[in-house]
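**Q** Below you will find the structure I want to go over with you.
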Protein chains: 2
Amino acid sequence: MTLVADTIRNGVDTEKLFATLDLIRARPELARFQFRATNRWIDGSHNRSTIKGFYAAGGEDTTRGEAFVLDAGEPAILLGSDTGANPAEYLLHALAACLTTSIVYVAAARKVELTSVESTLTGEMDVRGALGVDEEPRNGFERIGVSFRVTGDAAAEKLREVVRRAAKRSAVYDMVTNGVPVTVDVATD
Amino acid sequence: MTLVADTIRNGVDTEKLFATLDLIRARPELARFQFRATNRWIDGSHNRSTIKGFYAAGGEDTTRGEAFVLDAGEPAILLGSDTGANPAEYLLHALAACLTTSIVYVAAARKVELTSVESTLTGEMDVRGALGVDEEPRNGFERIGVSFRVTGDAAAEKLREVVRRAAKRSAVYDMVTNGVPVTVDVATD
């Protein structure tokens with residue numbers, strides 16, 4: 001009983017975590033993943049993404065029974081009717097979620113038992129850019145601030161080191177801070 | 001009746017759209033917005049963001065009655081139990097949603113009546129980076145592909161021009177392609 005319980009830390013099966021790392025070290029071709037989203041416009045600023053299938057570890061993953069359905073929108077001041085969080089808010093959520101999961105996994109690997117991880121993210125934007133009113137402000141956030149509060153059974157310095165290591169390994173933190181090449185194709189029939 | 005109907009195109013109130021642009025041109029200080037997300041870890045890769053308040057046009061916006069609640073997770077192969085789309089998938093959704101809304105708004109302003117906007121996004125990742133197994137692959141997507149299918153009452157070349165203009169104005173497209181400075185603060189008590 002104790003042995004089984006010991007492998008689970010912060011809700012992460014550390015035995016499976018280390019086995020996964022060993023497997024990918026031995027067979028790096030299994031590290032190729034492709035994630036996907038399909039989106040459909042509904043009306044005005046309301047559109048909806050469906051997320052289900054992905055490619056992982058040498059094949060199409062079929063373990064997900066149902067798709068995740070995400071609705072986007074805009075508030076009234078941006079000409080919408082609040083049919084969902086807006087796209088820039090979804091980006092903040094993506095960043096918060098990725099950093100948090102990275103913190104939890106890094107802590108699990110380093111034998112740190114966490115009791116709480118909370119964060120507040122803020123993004124500052126001059127909407128003249130996105131609205132095309134002025135060429136000077138950029139379209140997106142000028143900067144994003146992330147404030148974490150992390151508690152657990154380790155000293156403050158160790159908890160801070162877990163957060164630093166998590167940021168160094170987070171997929172979305174990498175993408176948001178460094179950018180990603182994006183290609184856009186258009187069909188019209 | 002006809003006059004009222006004419007101001008709505010693609011579900012966007014174009015009269016309000018042009019009035020907003022004129023107002024922001026006249027009073028650029030109203031263009032300062034701040035969006036926010038607060039996130040809380042639940043267990044393992046399961047965490048949840050709450051999104052409600054934001055600052056816009058000179059004050060705190062209070063028009064949203066309820067918060068948007070977004071759950072993130074990971075599939076089994078990434079040590080989760082599919083409690084939500086994963087953070088990288090949320091980033092794809094943010095990008096799809098922002099480009100789509102930009103297409104719809106640009107089309108409305110240019111008197112193009114759209115009949116459909118659909119997209120599929122793919123992101124390619126070598127998970128050795130995020131898992132810390134190898135220093136060479138980056139943590140995030142190496143590249144993102146966006147395939148749009150857009151139909152409406154304009155010629156193919158005009159529809160393509162709407163998509164080009166939308167990408168040039170999209171907040172999330174800007175952030176994902178160019179990156180954003182992110183600061184991370186940590187409190188441990």
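Ordering of the structure tokens sets the chain letters (A, B, ...), residue numbers begin anew at 1 in every chain, and ligands are numbered from 1 in the order given.
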Skip Gly123 (chain B) itself and residues of its chain fewer than 4 positions away, then list as a list in words all residues within 8 Å of it, counting only C-alpha atoms.
**A**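 In the requested format, the answer is Gln34, Phe35 and Arg36 of chain A; Leu92, Phe141, Glu142, Arg143, Ile144 and Gly145 of chain B.
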**Q** Using the chain letters and numbers from this document, which residues of chain A does DSSP assign to strand (DSSP E or B), as a ChimeraX atom specification?
**A** /A:8-9,12-13,32-43,46-51,54-56,59-61,68-72,114-126,143-152,182-187
**Q** Can you work out which one of B:Asp71, B:Asp13, B:Asp82, B:Asp189 has the shortest atom-to-atom distance to Ala96 (chain A), counting only C-alpha atoms?
**A**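 Nearest to Ala96 (chain A): B:Asp71.
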**Q** I'd like to know which of B:Ala26, B:Ala166, B:Leu99, B:Met175 is closest to chain A, using only C-alpha atoms.
**A**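 Looking at the shortest contact to chain A, the residue is B:Met175.
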**Q** When you count only C-alpha atoms, which of these residues is closest to Arg160 (chain B): B:Phe148, B:Thr83, B:Arg64, B:Tyr55?
**A**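 Distance minimum relative to Arg160 (chain B) lands on B:Phe148.
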**Q** Please list as a PyMOL selection string every residue within 6 Å of region 101-109 of chain A, counting only C-alpha atoms and excluding residues in the same chain fewer than 3 positions away.
**A** (chain A and resi 9+98+112+163+166+170) or (chain B and resi 45)
**Q** Let me see the file: selected residues, all heavy atoms, as a compact mmCIF listing (two decimals), in the first residue's frame.
**A**
# COMPACT_ATOMS: atom_id res chain seq x y z
N ARG A 9 2.65 11.58 -6.56
CA ARG A 9 2.97 12.82 -5.84
C ARG A 9 2.35 13.98 -6.60
O ARG A 9 2.53 14.09 -7.81
CB ARG A 9 4.48 12.98 -5.69
CG ARG A 9 4.87 14.11 -4.73
CD ARG A 9 6.38 14.19 -4.55
NE ARG A 9 6.92 12.97 -3.96
CZ ARG A 9 7.75 12.14 -4.58
NH1 ARG A 9 8.18 12.41 -5.78
NH2 ARG A 9 8.17 11.04 -3.97
N CYS A 98 -0.12 25.94 -18.61
CA CYS A 98 1.13 25.25 -18.94
C CYS A 98 2.17 25.44 -17.84
O CYS A 98 2.84 24.49 -17.44
CB CYS A 98 1.66 25.75 -20.28
SG CYS A 98 2.86 24.61 -21.02
N VAL A 112 8.90 17.19 -4.17
CA VAL A 112 8.27 18.31 -3.44
C VAL A 112 6.77 18.10 -3.47
O VAL A 112 6.17 17.99 -4.54
CB VAL A 112 8.62 19.67 -4.09
CG1 VAL A 112 7.84 20.80 -3.41
CG2 VAL A 112 10.12 19.92 -4.01
N VAL A 163 9.67 26.70 -9.73
CA VAL A 163 8.99 27.59 -10.68
C VAL A 163 9.95 27.99 -11.81
O VAL A 163 9.57 28.01 -12.99
CB VAL A 163 8.42 28.83 -9.97
CG1 VAL A 163 7.83 29.81 -10.98
CG2 VAL A 163 7.38 28.42 -8.94
N ALA A 166 10.31 25.11 -14.10
CA ALA A 166 9.07 24.89 -14.85
C ALA A 166 8.97 25.88 -16.01
O ALA A 166 8.60 25.50 -17.13
CB ALA A 166 7.87 25.02 -13.92
N SER A 170 8.40 24.91 -19.92
CA SER A 170 6.99 25.02 -20.33
C SER A 170 6.87 25.27 -21.84
O SER A 170 7.49 26.18 -22.39
CB SER A 170 6.34 26.17 -19.56
OG SER A 170 5.20 26.65 -20.24
N SER B 45 -2.30 17.21 -13.56
CA SER B 45 -2.30 18.17 -14.67
C SER B 45 -3.62 18.94 -14.78
O SER B 45 -3.84 19.66 -15.75
CB SER B 45 -2.02 17.45 -15.98
OG SER B 45 -3.04 16.49 -16.23
**Q** Pick out the residues sitting within 10 Å of Tyr173 (chain B), and hand them over as a PyMOL selection string; count only C-alpha atoms, and ignore anything fewer than 5 positions along from it in its own chain.
**A** (chain A and resi 88+139-140+179-180+182) or (chain B and resi 94-96+98-99+166-168+178-179)
**Q** For each of A:Lys52, A:Arg27, A:Arg128, A:Arg110, take the minimum atom-to-atom distance to Glu89 (chain B), counting only C-alpha atoms, then give the residue where this is smallest.
**A**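 Nearest to Glu89 (chain B): A:Lys52.
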**Q** Could you name the residues that touch Leu79 (chain A) at 7 Å or less, counting only C-alpha atoms, but leaving out those on the same chain fewer than 5 positions away, as a ChimeraX atom specification?
**A** /A:74 /B:12,17
**Q** For the residues in the current selection, export all heavy atoms as a CSV table (one decimal), in the first residue's frame.
**A**
chain,number,residue,atom,x,y,z
A,74,GLU,N,-16.4,38.0,-27.6
A,74,GLU,CA,-15.8,39.3,-27.2
A,74,GLU,C,-16.9,40.0,-26.4
A,74,GLU,O,-18.1,39.7,-26.5
A,74,GLU,CB,-15.5,40.2,-28.5
A,74,GLU,CG,-14.4,39.7,-29.3
A,74,GLU,CD,-13.0,39.9,-28.7
A,74,GLU,OE1,-12.9,40.5,-27.6
A,74,GLU,OE2,-12.1,39.4,-29.3
B,12,VAL,N,-21.9,41.5,-37.0
B,12,VAL,CA,-21.2,42.7,-36.4
B,12,VAL,C,-21.9,43.9,-36.7
B,12,VAL,O,-22.3,44.2,-37.9
B,12,VAL,CB,-19.8,42.8,-37.0
B,12,VAL,CG1,-19.0,43.9,-36.4
B,12,VAL,CG2,-19.0,41.4,-36.8
B,17,LEU,N,-19.1,49.6,-34.9
B,17,LEU,CA,-17.7,49.4,-35.2
B,17,LEU,C,-17.0,50.7,-35.7
B,17,LEU,O,-16.0,51.1,-35.1
B,17,LEU,CB,-17.5,48.3,-36.3
B,17,LEU,CG,-16.2,48.1,-36.9
B,17,LEU,CD1,-15.2,47.6,-35.9
B,17,LEU,CD2,-16.2,47.1,-38.1
**Q** Pick the closest to Ala155 (chain B) from B:Leu114, B:Val184, B:Val172, B:Leu121: which is it, counting only C-alpha atoms?
**A**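 Nearest candidate to Ala155 (chain B) out of B:Leu114, B:Val184, B:Val172, B:Leu121: B:Leu114.
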**Q** Calculated over only C-alpha atoms, which of the candidates B:Leu78, B:Ala57, B:Ala31, B:Ala67 has the smallest distance to chain A?
**A**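 Ranked by minimum distance to chain A, first place goes to B:Ala31.
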**Q** In Å, with one decimal, what is the gap from CA of Gly53 (chain A) to CA of Thr38 (chain B)?
**A**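 Between CA of Gly53 (chain A) and CA of Thr38 (chain B) the gap works out to 27.8 Å.
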**Q** Please provide the set of residues having any atom within 6 Å of Thr120 (chain A), restricted to only C-alpha atoms, with same-chain residues fewer than 3 positions apart removed, written as a PyMOL selection string.
**A** (chain A and resi 146-147) or (chain B and resi 37-38)
**Q** To one decimal place, how far is CA of Glu60 (chain A) from CA of Ser119 (chain B) in Å?
**A**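 Answer for the CA of Glu60 (chain A) to CA of Ser119 (chain B) separation: 20.3 Å.
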**Q** Figure out the distance between CA of Leu23 (chain A) and CA of Asp134 (chain B), please, to one decimal in Å.
**A**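 Separation of CA of Asp134 (chain B) and CA of Leu23 (chain A): 12.8 Å.
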**Q** Would you return as a VMD selection string the members of chain A that DSSP assigns to alpha helix (DSSP H) on this structure's backbone?
**A** chain A and resid 2 to 7 14 to 26 87 to 109 156 to 169 171 to 178
